[in-house]
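Asker: Below is the file data.json, with JSON, C-alpha atoms.
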[["chain", "number", "residue", "atom", "x", "y", "z"],
["A", 1, "MET", "CA", -44.66, 21.99, 45.15],
["A", 2, "SER", "CA", -41.58, 21.01, 43.12],
["A", 3, "GLU", "CA", -39.73, 17.80, 43.94],
["A", 4, "VAL", "CA", -36.37, 16.19, 43.25],
["A", 5, "LEU", "CA", -36.36, 12.53, 42.17],
["A", 6, "ILE", "CA", -33.26, 10.45, 42.91],
["A", 7, "VAL", "CA", -32.86, 7.20, 40.97],
["A", 8, "GLY", "CA", -29.93, 4.92, 41.77],
["A", 9, "SER", "CA", -28.41, 2.51, 44.24],
["A", 10, "ILE", "CA", -29.25, 1.98, 47.89],
["A", 11, "GLY", "CA", -27.06, -0.25, 50.01],
["A", 12, "TYR", "CA", -25.28, -0.91, 53.26],
["A", 13, "ASP", "CA", -21.58, -0.21, 53.80],
["A", 14, "LEU", "CA", -19.91, -2.66, 56.18],
["A", 15, "VAL", "CA", -16.39, -1.58, 57.06],
["A", 16, "PHE", "CA", -13.83, -3.50, 59.11],
["A", 17, "GLU", "CA", -10.56, -1.96, 60.17],
["A", 18, "ILE", "CA", -8.02, -4.72, 60.83],
["A", 19, "HIS", "CA", -4.96, -4.94, 63.02],
["A", 20, "GLY", "CA", -1.73, -4.76, 61.05],
["A", 21, "ALA", "CA", -1.21, -4.39, 57.30],
["A", 22, "ILE", "CA", -2.65, -6.39, 54.40],
["A", 23, "LYS", "CA", 0.64, -6.41, 52.52],
["A", 24, "ASP", "CA", 2.41, -8.11, 55.42],
["A", 25, "LYS", "CA", 0.29, -11.19, 54.77],
["A", 26, "ILE", "CA", 1.50, -11.48, 51.18],
["A", 27, "VAL", "CA", 4.85, -13.28, 51.00],
["A", 28, "LEU", "CA", 6.78, -12.95, 47.73],
["A", 29, "GLU", "CA", 9.63, -15.04, 46.43],
["A", 30, "SER", "CA", 11.34, -14.13, 43.13],
["A", 31, "GLY", "CA", 8.47, -11.82, 42.31],
["A", 32, "SER", "CA", 5.75, -14.42, 42.78],
["A", 33, "VAL", "CA", 3.39, -15.06, 45.66],
["A", 34, "LYS", "CA", 4.85, -17.78, 47.86],
["A", 35, "ASN", "CA", 2.36, -17.76, 50.69],
["A", 36, "LEU", "CA", -1.08, -16.21, 50.98],
["A", 37, "ASP", "CA", -2.56, -16.25, 54.45],
["A", 38, "LEU", "CA", -5.27, -13.60, 54.66],
["A", 39, "LEU", "CA", -6.63, -14.27, 58.13],
["A", 40, "PHE", "CA", -7.00, -11.00, 60.02],
["A", 41, "THR", "CA", -8.35, -9.87, 63.35],
["A", 42, "ALA", "CA", -10.68, -6.92, 63.05],
["A", 43, "LYS", "CA", -11.53, -3.96, 65.17],
["A", 44, "ASP", "CA", -15.14, -2.87, 65.52],
["A", 45, "LEU", "CA", -17.46, -3.31, 62.55],
["A", 46, "ARG", "CA", -19.00, -0.11, 61.24],
["A", 47, "LYS", "CA", -22.31, -0.66, 59.46],
["A", 48, "MET", "CA", -23.38, 2.46, 57.61],
["A", 49, "TYR", "CA", -26.17, 3.41, 55.27],
["A", 50, "GLY", "CA", -24.93, 4.02, 51.74],
["A", 51, "GLY", "CA", -25.51, 3.68, 48.03],
["A", 52, "ILE", "CA", -25.34, 6.70, 45.74],
["A", 53, "ALA", "CA", -29.08, 7.40, 45.71],
["A", 54, "GLY", "CA", -29.28, 6.87, 49.46],
["A", 55, "ASN", "CA", -26.41, 9.28, 50.09],
["A", 56, "ILE", "CA", -27.93, 11.97, 47.86],
["A", 57, "ALA", "CA", -31.33, 11.52, 49.53],
["A", 58, "TYR", "CA", -29.69, 11.83, 52.95],
["A", 59, "GLY", "CA", -28.16, 15.19, 51.99],
["A", 60, "LEU", "CA", -31.37, 16.53, 50.50],
["A", 61, "GLY", "CA", -33.40, 15.38, 53.49],
["A", 62, "ASN", "CA", -31.05, 17.20, 55.86],
["A", 63, "LEU", "CA", -31.36, 20.32, 53.69],
["A", 64, "HIS", "CA", -35.17, 20.11, 53.96],
["A", 65, "THR", "CA", -35.55, 19.71, 50.20],
["A", 66, "ASP", "CA", -38.65, 17.92, 48.93],
["A", 67, "CYS", "CA", -37.33, 14.73, 47.37],
["A", 68, "ALA", "CA", -38.14, 11.11, 46.59],
["A", 69, "VAL", "CA", -35.95, 8.06, 45.99],
["A", 70, "PHE", "CA", -36.53, 5.17, 43.58],
["A", 71, "SER", "CA", -34.47, 2.01, 43.83],
["A", 72, "VAL", "CA", -34.73, -1.75, 44.34],
["A", 73, "VAL", "CA", -33.97, -3.10, 47.81],
["A", 74, "GLY", "CA", -34.33, -6.22, 49.92],
["A", 75, "ALA", "CA", -36.64, -6.95, 52.83],
["A", 76, "ASP", "CA", -33.96, -5.82, 55.31],
["A", 77, "TYR", "CA", -34.18, -2.21, 54.05],
["A", 78, "LYS", "CA", -37.65, -1.74, 55.49],
["A", 79, "LEU", "CA", -36.41, -2.70, 58.97],
["A", 80, "ASP", "CA", -34.11, 0.29, 59.41],
["A", 81, "TYR", "CA", -32.76, 2.20, 56.40],
["A", 82, "GLY", "CA", -36.18, 2.93, 54.89],
["A", 83, "LYS", "CA", -37.55, 4.33, 58.14],
["A", 84, "TYR", "CA", -34.36, 6.38, 58.58],
["A", 85, "LEU", "CA", -34.81, 8.12, 55.21],
["A", 86, "SER", "CA", -38.54, 8.58, 55.78],
["A", 87, "ASP", "CA", -37.82, 10.28, 59.10],
["A", 88, "LEU", "CA", -35.69, 12.78, 57.14],
["A", 89, "GLY", "CA", -38.70, 13.61, 54.97],
["A", 90, "VAL", "CA", -37.60, 11.56, 51.95],
["A", 91, "LYS", "CA", -40.46, 9.96, 50.03],
["A", 92, "ASP", "CA", -39.78, 6.26, 49.69],
["A", 93, "TYR", "CA", -40.59, 4.86, 46.25],
["A", 94, "THR", "CA", -38.36, 1.82, 46.51],
["A", 95, "VAL", "CA", -39.36, -1.63, 45.29],
["A", 96, "ALA", "CA", -38.71, -4.16, 48.07],
["A", 97, "LEU", "CA", -38.03, -7.79, 47.12],
["A", 98, "ASN", "CA", -38.97, -9.90, 50.11],
["A", 99, "ASP", "CA", -36.80, -12.84, 49.08],
["A", 100, "ARG", "CA", -33.62, -10.80, 48.57],
["A", 101, "TYR", "CA", -31.22, -8.68, 50.61],
["A", 102, "THR", "CA", -30.36, -5.04, 49.94],
["A", 103, "ALA", "CA", -27.06, -4.41, 48.14],
["A", 104, "ALA", "CA", -23.98, -4.32, 50.36],
["A", 105, "TYR", "CA", -20.40, -3.13, 50.10],
["A", 106, "TYR", "CA", -17.85, -4.85, 52.34],
["A", 107, "ALA", "CA", -14.54, -3.10, 52.96],
["A", 108, "VAL", "CA", -11.45, -4.17, 54.89],
["A", 109, "SER", "CA", -9.00, -1.36, 55.62],
["A", 110, "ASP", "CA", -5.65, -1.63, 57.37],
["A", 111, "SER", "CA", -3.22, 0.58, 59.24],
["A", 112, "ASN", "CA", -1.70, 1.77, 55.93],
["A", 113, "LYS", "CA", -5.15, 2.73, 54.59],
["A", 114, "ASP", "CA", -4.90, -0.05, 51.99],
["A", 115, "LEU", "CA", -8.29, -1.48, 51.17],
["A", 116, "ILE", "CA", -9.96, -4.69, 50.03],
["A", 117, "GLY", "CA", -13.53, -4.14, 48.86],
["A", 118, "VAL", "CA", -16.34, -6.46, 47.79],
["A", 119, "TRP", "CA", -19.59, -5.22, 46.19],
["A", 120, "GLN", "CA", -22.54, -7.58, 46.55],
["A", 121, "PRO", "CA", -25.45, -6.36, 44.37],
["A", 122, "ASN", "CA", -28.16, -8.66, 45.78],
["A", 123, "ALA", "CA", -31.57, -7.09, 44.94],
["A", 124, "HIS", "CA", -29.81, -4.34, 42.98],
["A", 125, "ASP", "CA", -29.34, -6.79, 40.10],
["A", 126, "GLU", "CA", -33.10, -6.67, 39.51],
["A", 127, "PHE", "CA", -33.26, -2.88, 39.10],
["A", 128, "HIS", "CA", -33.78, -2.91, 35.33],
["A", 129, "LYS", "CA", -36.88, -5.13, 35.66],
["A", 130, "PHE", "CA", -38.95, -2.40, 37.30],
["A", 131, "SER", "CA", -40.42, 0.79, 35.87],
["A", 132, "LEU", "CA", -40.60, 4.16, 37.55],
["A", 133, "ASN", "CA", -44.39, 4.07, 37.64],
["A", 134, "ASP", "CA", -44.38, 0.74, 39.50],
["A", 135, "THR", "CA", -44.42, 2.71, 42.76],
["A", 136, "ILE", "CA", -44.45, 6.44, 41.90],
["A", 137, "PRO", "CA", -48.06, 7.68, 41.59],
["A", 138, "ASP", "CA", -47.45, 11.17, 40.19],
["A", 139, "PHE", "CA", -44.62, 12.79, 38.24],
["A", 140, "SER", "CA", -46.19, 16.20, 37.69],
["A", 141, "ASN", "CA", -44.18, 17.85, 40.49],
["A", 142, "VAL", "CA", -40.79, 16.35, 39.57],
["A", 143, "GLU", "CA", -38.77, 19.40, 38.54],
["A", 144, "TYR", "CA", -35.32, 17.75, 38.67],
["A", 145, "ALA", "CA", -34.35, 14.10, 38.45],
["A", 146, "ILE", "CA", -30.88, 12.64, 38.84],
["A", 147, "PHE", "CA", -30.05, 9.22, 37.44],
["A", 148, "SER", "CA", -27.01, 7.83, 39.22],
["A", 149, "PRO", "CA", -25.77, 4.21, 39.20],
["A", 150, "GLY", "CA", -27.93, 2.05, 39.09],
["A", 151, "THR", "CA", -26.87, -0.29, 36.43],
["A", 152, "SER", "CA", -26.35, 0.66, 32.82],
["A", 153, "ALA", "CA", -29.49, -1.33, 31.94],
["A", 154, "SER", "CA", -31.62, 0.39, 34.58],
["A", 155, "MET", "CA", -30.39, 3.86, 33.64],
["A", 156, "ALA", "CA", -31.01, 3.20, 29.94],
["A", 157, "LYS", "CA", -34.56, 2.13, 30.84],
["A", 158, "HIS", "CA", -35.53, 4.73, 33.43],
["A", 159, "ILE", "CA", -34.27, 7.93, 31.75],
["A", 160, "PRO", "CA", -36.54, 7.68, 28.67],
["A", 161, "GLU", "CA", -39.38, 6.50, 30.91],
["A", 162, "LEU", "CA", -39.25, 9.71, 32.90],
["A", 163, "ARG", "CA", -39.01, 11.84, 29.78],
["A", 164, "GLN", "CA", -42.27, 10.27, 28.58],
["A", 165, "LEU", "CA", -43.93, 10.73, 31.98],
["A", 166, "ASN", "CA", -42.92, 14.40, 32.35],
["A", 167, "SER", "CA", -41.45, 16.24, 29.39],
["A", 168, "GLY", "CA", -40.60, 19.26, 31.53],
["A", 169, "THR", "CA", -38.40, 17.56, 34.13],
["A", 170, "LYS", "CA", -34.74, 18.59, 34.05],
["A", 171, "ILE", "CA", -32.78, 15.33, 33.82],
["A", 172, "ILE", "CA", -29.26, 14.93, 35.24],
["A", 173, "PHE", "CA", -27.31, 12.02, 33.75],
["A", 174, "ASP", "CA", -24.74, 10.76, 36.24],
["A", 175, "PRO", "CA", -23.38, 7.42, 34.96],
["A", 176, "GLY", "CA", -20.31, 7.30, 37.21],
["A", 177, "PRO", "CA", -18.37, 4.02, 37.20],
["A", 178, "VAL", "CA", -20.99, 2.08, 35.20],
["A", 179, "ILE", "CA", -20.28, 4.19, 32.12],
["A", 180, "ASN", "CA", -18.01, 1.43, 30.78],
["A", 181, "PHE", "CA", -20.96, -1.00, 30.78],
["A", 182, "PHE", "CA", -23.20, 1.06, 28.48],
["A", 183, "ASP", "CA", -23.54, 0.01, 24.88],
["A", 184, "LEU", "CA", -23.19, 2.90, 22.45],
["A", 185, "GLU", "CA", -26.87, 3.31, 21.54],
["A", 186, "ASP", "CA", -28.03, 3.35, 25.16],
["A", 187, "LEU", "CA", -25.34, 5.90, 25.97],
["A", 188, "LYS", "CA", -26.40, 8.13, 23.07],
["A", 189, "ASN", "CA", -30.06, 7.93, 24.08],
["A", 190, "SER", "CA", -29.30, 8.72, 27.71],
["A", 191, "LEU", "CA", -27.27, 11.75, 26.66],
["A", 192, "ASN", "CA", -29.98, 12.96, 24.29],
["A", 193, "PHE", "CA", -32.65, 12.89, 27.00],
["A", 194, "ALA", "CA", -30.43, 14.64, 29.57],
["A", 195, "ASP", "CA", -30.19, 18.36, 30.30],
["A", 196, "ILE", "CA", -27.13, 18.14, 32.58],
["A", 197, "ILE", "CA", -24.30, 15.61, 32.53],
["A", 198, "ILE", "CA", -22.18, 15.21, 35.65],
["A", 199, "GLY", "CA", -19.04, 13.20, 36.32],
["A", 200, "ASN", "CA", -15.49, 13.47, 37.61],
["A", 201, "GLU", "CA", -12.31, 14.20, 35.66],
["A", 202, "ILE", "CA", -11.98, 10.52, 34.71],
["A", 203, "GLU", "CA", -15.62, 9.80, 33.86],
["A", 204, "ILE", "CA", -16.28, 12.82, 31.61],
["A", 205, "PRO", "CA", -13.36, 12.03, 29.21],
["A", 206, "ILE", "CA", -14.45, 8.37, 29.07],
["A", 207, "LEU", "CA", -18.00, 9.44, 28.20],
["A", 208, "LEU", "CA", -16.83, 11.79, 25.47],
["A", 209, "ASN", "CA", -14.40, 9.25, 24.06],
["A", 210, "LYS", "CA", -17.05, 6.51, 23.86],
["A", 211, "LEU", "CA", -19.40, 8.89, 22.05],
["A", 212, "GLY", "CA", -16.70, 10.38, 19.83],
["A", 213, "LEU", "CA", -17.68, 13.87, 20.97],
["A", 214, "SER", "CA", -15.94, 16.91, 22.42],
["A", 215, "ILE", "CA", -17.16, 19.14, 25.22],
["A", 216, "SER", "CA", -18.10, 21.73, 22.58],
["A", 217, "ASP", "CA", -20.17, 19.15, 20.71],
["A", 218, "VAL", "CA", -22.19, 18.38, 23.84],
["A", 219, "ILE", "CA", -22.60, 22.05, 24.72],
["A", 220, "ASN", "CA", -23.88, 22.71, 21.20],
["A", 221, "MET", "CA", -26.61, 20.15, 21.90],
["A", 222, "SER", "CA", -27.91, 22.55, 24.59],
["A", 223, "LYS", "CA", -26.49, 20.43, 27.40],
["A", 224, "THR", "CA", -24.55, 21.51, 30.48],
["A", 225, "ILE", "CA", -21.56, 19.49, 31.69],
["A", 226, "ILE", "CA", -20.44, 19.54, 35.33],
["A", 227, "GLU", "CA", -16.98, 18.09, 35.89],
["A", 228, "THR", "CA", -16.17, 17.49, 39.55],
["A", 229, "LEU", "CA", -12.51, 17.76, 40.52],
["A", 230, "GLY", "CA", -12.50, 16.62, 44.15],
["A", 231, "SER", "CA", -10.39, 18.89, 46.32],
["A", 232, "LYS", "CA", -9.80, 21.16, 43.30],
["A", 233, "GLY", "CA", -13.45, 22.20, 43.00],
["A", 234, "SER", "CA", -15.45, 21.80, 39.80],
["A", 235, "LYS", "CA", -15.92, 23.14, 36.28],
["A", 236, "ILE", "CA", -19.22, 23.86, 34.59],
["A", 237, "TYR", "CA", -19.32, 23.93, 30.79],
["A", 238, "THR", "CA", -22.25, 25.90, 29.36],
["A", 239, "ASP", "CA", -23.11, 27.63, 26.10],
["A", 240, "ASN", "CA", -22.18, 30.88, 27.86],
["A", 241, "GLY", "CA", -18.66, 29.68, 28.65],
["A", 242, "THR", "CA", -16.83, 27.75, 31.34],
["A", 243, "ILE", "CA", -17.42, 28.45, 35.02],
["A", 244, "VAL", "CA", -14.75, 27.48, 37.56],
["A", 245, "VAL", "CA", -16.08, 26.79, 41.06],
["A", 246, "ALA", "CA", -13.43, 27.01, 43.75],
["A", 247, "PRO", "CA", -13.16, 24.28, 46.39],
["A", 248, "ILE", "CA", -13.94, 24.74, 50.07],
["A", 249, "LYS", "CA", -10.79, 24.09, 52.11],
["A", 250, "VAL", "CA", -11.26, 21.78, 55.11],
["A", 251, "ASP", "CA", -9.21, 19.32, 57.15],
["A", 252, "ALA", "CA", -10.53, 16.19, 55.48],
["A", 253, "MET", "CA", -10.82, 12.83, 57.24],
["A", 254, "GLU", "CA", -11.93, 10.81, 54.20],
["A", 255, "ALA", "CA", -13.64, 11.42, 50.87],
["A", 256, "THR", "CA", -16.20, 8.59, 50.94],
["A", 257, "GLY", "CA", -19.47, 9.92, 49.53],
["A", 258, "ALA", "CA", -18.18, 13.46, 49.00],
["A", 259, "GLY", "CA", -19.33, 13.39, 45.38],
["A", 260, "ASP", "CA", -22.80, 12.32, 46.50],
["A", 261, "ALA", "CA", -22.92, 15.18, 49.00],
["A", 262, "PHE", "CA", -21.89, 17.56, 46.20],
["A", 263, "ARG", "CA", -24.83, 16.32, 44.13],
["A", 264, "ALA", "CA", -27.22, 16.81, 47.04],
["A", 265, "GLY", "CA", -26.06, 20.39, 47.46],
["A", 266, "LEU", "CA", -26.26, 21.01, 43.71],
["A", 267, "LEU", "CA", -29.82, 19.66, 43.53],
["A", 268, "HIS", "CA", -30.85, 21.64, 46.60],
["A", 269, "GLY", "CA", -29.69, 24.85, 44.96],
["A", 270, "LEU", "CA", -31.40, 24.08, 41.65],
["A", 271, "ALA", "CA", -34.64, 23.12, 43.40],
["A", 272, "LYS", "CA", -34.55, 26.46, 45.27],
["A", 273, "GLY", "CA", -34.27, 28.33, 41.97],
["A", 274, "LYS", "CA", -30.57, 29.23, 42.19],
["A", 275, "ASN", "CA", -28.41, 29.34, 39.07],
["A", 276, "ILE", "CA", -26.05, 26.53, 38.18],
["A", 277, "GLU", "CA", -22.95, 28.29, 39.55],
["A", 278, "ASP", "CA", -24.42, 29.05, 42.96],
["A", 279, "SER", "CA", -25.91, 25.56, 43.11],
["A", 280, "ALA", "CA", -22.46, 24.08, 42.48],
["A", 281, "LYS", "CA", -21.06, 26.29, 45.25],
["A", 282, "ILE", "CA", -23.59, 24.76, 47.64],
["A", 283, "GLY", "CA", -22.49, 21.37, 46.34],
["A", 284, "SER", "CA", -18.86, 22.22, 47.08],
["A", 285, "TYR", "CA", -19.75, 23.28, 50.60],
["A", 286, "LEU", "CA", -21.70, 20.12, 51.36],
["A", 287, "GLY", "CA", -19.09, 17.90, 49.72],
["A", 288, "ALA", "CA", -16.33, 19.49, 51.81],
["A", 289, "LEU", "CA", -18.42, 19.16, 54.97],
["A", 290, "SER", "CA", -18.89, 15.45, 54.35],
["A", 291, "THR", "CA", -15.12, 14.82, 54.17],
["A", 292, "LYS", "CA", -14.75, 15.79, 57.83],
["A", 293, "PHE", "CA", -16.58, 12.59, 58.85],
["A", 294, "HIS", "CA", -16.53, 8.86, 58.10],
["A", 295, "GLY", "CA", -18.91, 7.45, 55.52],
["A", 296, "GLY", "CA", -21.26, 8.92, 52.97],
["A", 297, "GLN", "CA", -23.84, 9.80, 55.63],
["A", 298, "GLY", "CA", -21.63, 10.54, 58.61],
["A", 299, "TYR", "CA", -22.01, 14.31, 58.47],
["A", 300, "SER", "CA", -24.77, 16.47, 59.90],
["A", 301, "ILE", "CA", -25.89, 19.92, 58.83],
["A", 302, "SER", "CA", -26.10, 22.55, 61.56],
["A", 303, "GLU", "CA", -28.14, 25.74, 61.59],
["A", 304, "ASN", "CA", -24.90, 27.64, 60.91],
["A", 305, "ASP", "CA", -24.37, 25.47, 57.82],
["A", 306, "LEU", "CA", -27.91, 26.18, 56.65],
["A", 307, "ASN", "CA", -27.43, 29.91, 57.16],
["A", 308, "TYR", "CA", -24.20, 29.82, 55.14],
["A", 309, "ILE", "CA", -25.95, 27.94, 52.34],
["A", 310, "ARG", "CA", -28.85, 30.41, 52.30],
["A", 311, "ARG", "CA", -26.40, 33.26, 51.74],
["A", 312, "ILE", "CA", -24.89, 31.69, 48.60]]
Hey, can you dump this file as structure tokens for me?

Answerer:
Amino acid sequence: MSEVLIVGSIGYDLVFEIHGAIKDKIVLESGSVKNLDLLFTAKDLRKMYGGIAGNIAYGLGNLHTDCAVFSVVGADYKLDYGKYLSDLGVKDYTVALNDRYTAAYYAVSDSNKDLIGVWQPNAHDEFHKFSLNDTIPDFSNVEYAIFSPGTSASMAKHIPELRQLNSGTKIIFDPGPVINFFDLEDLKNSLNFADIIIGNEIEIPILLNKLGLSISDVINMSKTIIETLGSKGSKIYTDNGTIVVAPIKVDAMEATGAGDAFRAGLLHGLAKGKNIEDSAKIGSYLGALSTKFHGGQGYSISENDLNYIRRI
């Protein structure tokens, strides 16, 4: 039975919505800050499961796709988040550090939707110290693997590791915001081992610029590029031409984790043997569905959703 492997970050999202506006606390005089009093009163705390790998695993689990997740977490993960993913059918290949906490993202949002965010890596900082085969017993069934952040060091380590462990696995390179932390040789190696490169309309140009390559250059290396465009859909660049995938129109609440939901839908389609275009259409559907709810794992997938996806 084929399996999808998800390698990347797992963390908690802790979100406070405050009374009033952040900017009202910043007093300027002649263009400089005169007073800075950032004491706020908060509404209810929302603690949500997150991290890119966790969000992708959540989507695949809800789509009943055989999948496994590899990451580095703290002891707290085993108390709730780990069981939650396991209950969805996700195989848990995380490394748990008993003396550390799982990564966390703290966000303070106000009535104007302005945001202050703090990322606390915690155990995530140790990701590059562990190998895939530290906890994964068998790679023979891994048909697709996505490498999402992560750190640049962990991605540069784990991608060639998997290629050695299973030469037939289709590798998706998804560097996201850590692309700026790659040195050139690690970036070249990661690209060379990959079959599919995915990123948004900011990340793909940065990647190409750092490598000194064009889209055509990458396509000529027998790679496929998927460029996600948010509410505008996505583009797929292949050696057979460019495919434009239209967006799914919804009344969006927020876009947190929509890209991760897109990736879950994409991987579900590929794992079910669908072509890259139809798989991206499933990704668009799941990404749009996720925007109707708060958080990267706030959405659920109904039987009607599953029936729609089966017809794509």

Asker: Would you please work out which residue, of A:Ala145, A:Ile276, A:Ala57, A:Val7, is nearest to Val90 of chain A when using all atoms listed in the file?

Answerer: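 The closest residue to Val90 of chain A is A:Ala57.
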
Asker: Considering only C-alpha atoms, state which residue in the set A:Ser111, A:Ser2, A:Ser214, A:Thr102 is at the smallest distance from Cys67 of chain A.

Answerer: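 With only C-alpha atoms as the atom set, the closest residue is A:Ser2.
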
Asker: Which residue out of A:Leu38, A:Ala194, A:Ala264, A:Ile301 has the minimum interatomic distance to Met221 of chain A when all atoms listed in the file are used?

Answerer: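 Selected residue with least distance to Met221 of chain A: A:Ala194.
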
Asker: Let me have the centre and edge lengths in Å, one decimal, of the box along x, y and z around every listed atom of segment 221-238 of chain A with 6 Å of margin on each side, as AutoDock Vina command-line options.

Answerer:
--center_x -18.9 --center_y 21.3 --center_z 34.1 --size_x 30.1 --size_y 21.3 --size_z 36.4

Asker: Of the candidates A:Leu229, A:Ala280, A:Leu187, A:Ala288, which one gets nearest to Asp251 of chain A if we count only C-alpha atoms?

Answerer: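 Of the candidates, the smallest distance to Asp251 of chain A is held by A:Ala288.
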
Asker: Just how far from atom CA of Gly51 of chain A is atom CA of Pro247 of chain A, in Å to one decimal?

Answerer: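 Atom CA of Gly51 of chain A lies at a distance of 24.1 Å from atom CA of Pro247 of chain A.
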
Asker: Skip Asn166 of chain A itself and residues of its chain fewer than 5 positions away, then list as a VMD selection string all residues within 9 Å of it, counting all atoms listed in the file.

Answerer: chain A and resid 139 to 143 161

Asker: Which residues are close to Tyr77 of chain A, i.e. within 12 Å by all atoms listed in the file, leaving aside same-chain residues fewer than 5 positions away? Reply as a list in words.

Answerer: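 Contacts, with the query itself left out: Ile10, Gly11, Tyr12, Tyr49, Gly50, Gly54, Ser71, Val72, Gly82, Lys83, Tyr84, Leu85, Ser86, Asp92, Thr94, Val95, Ala96, Leu97, Asn98, Arg100, Tyr101, Thr102, Ala103, Ala104 and Ala123 of chain A.
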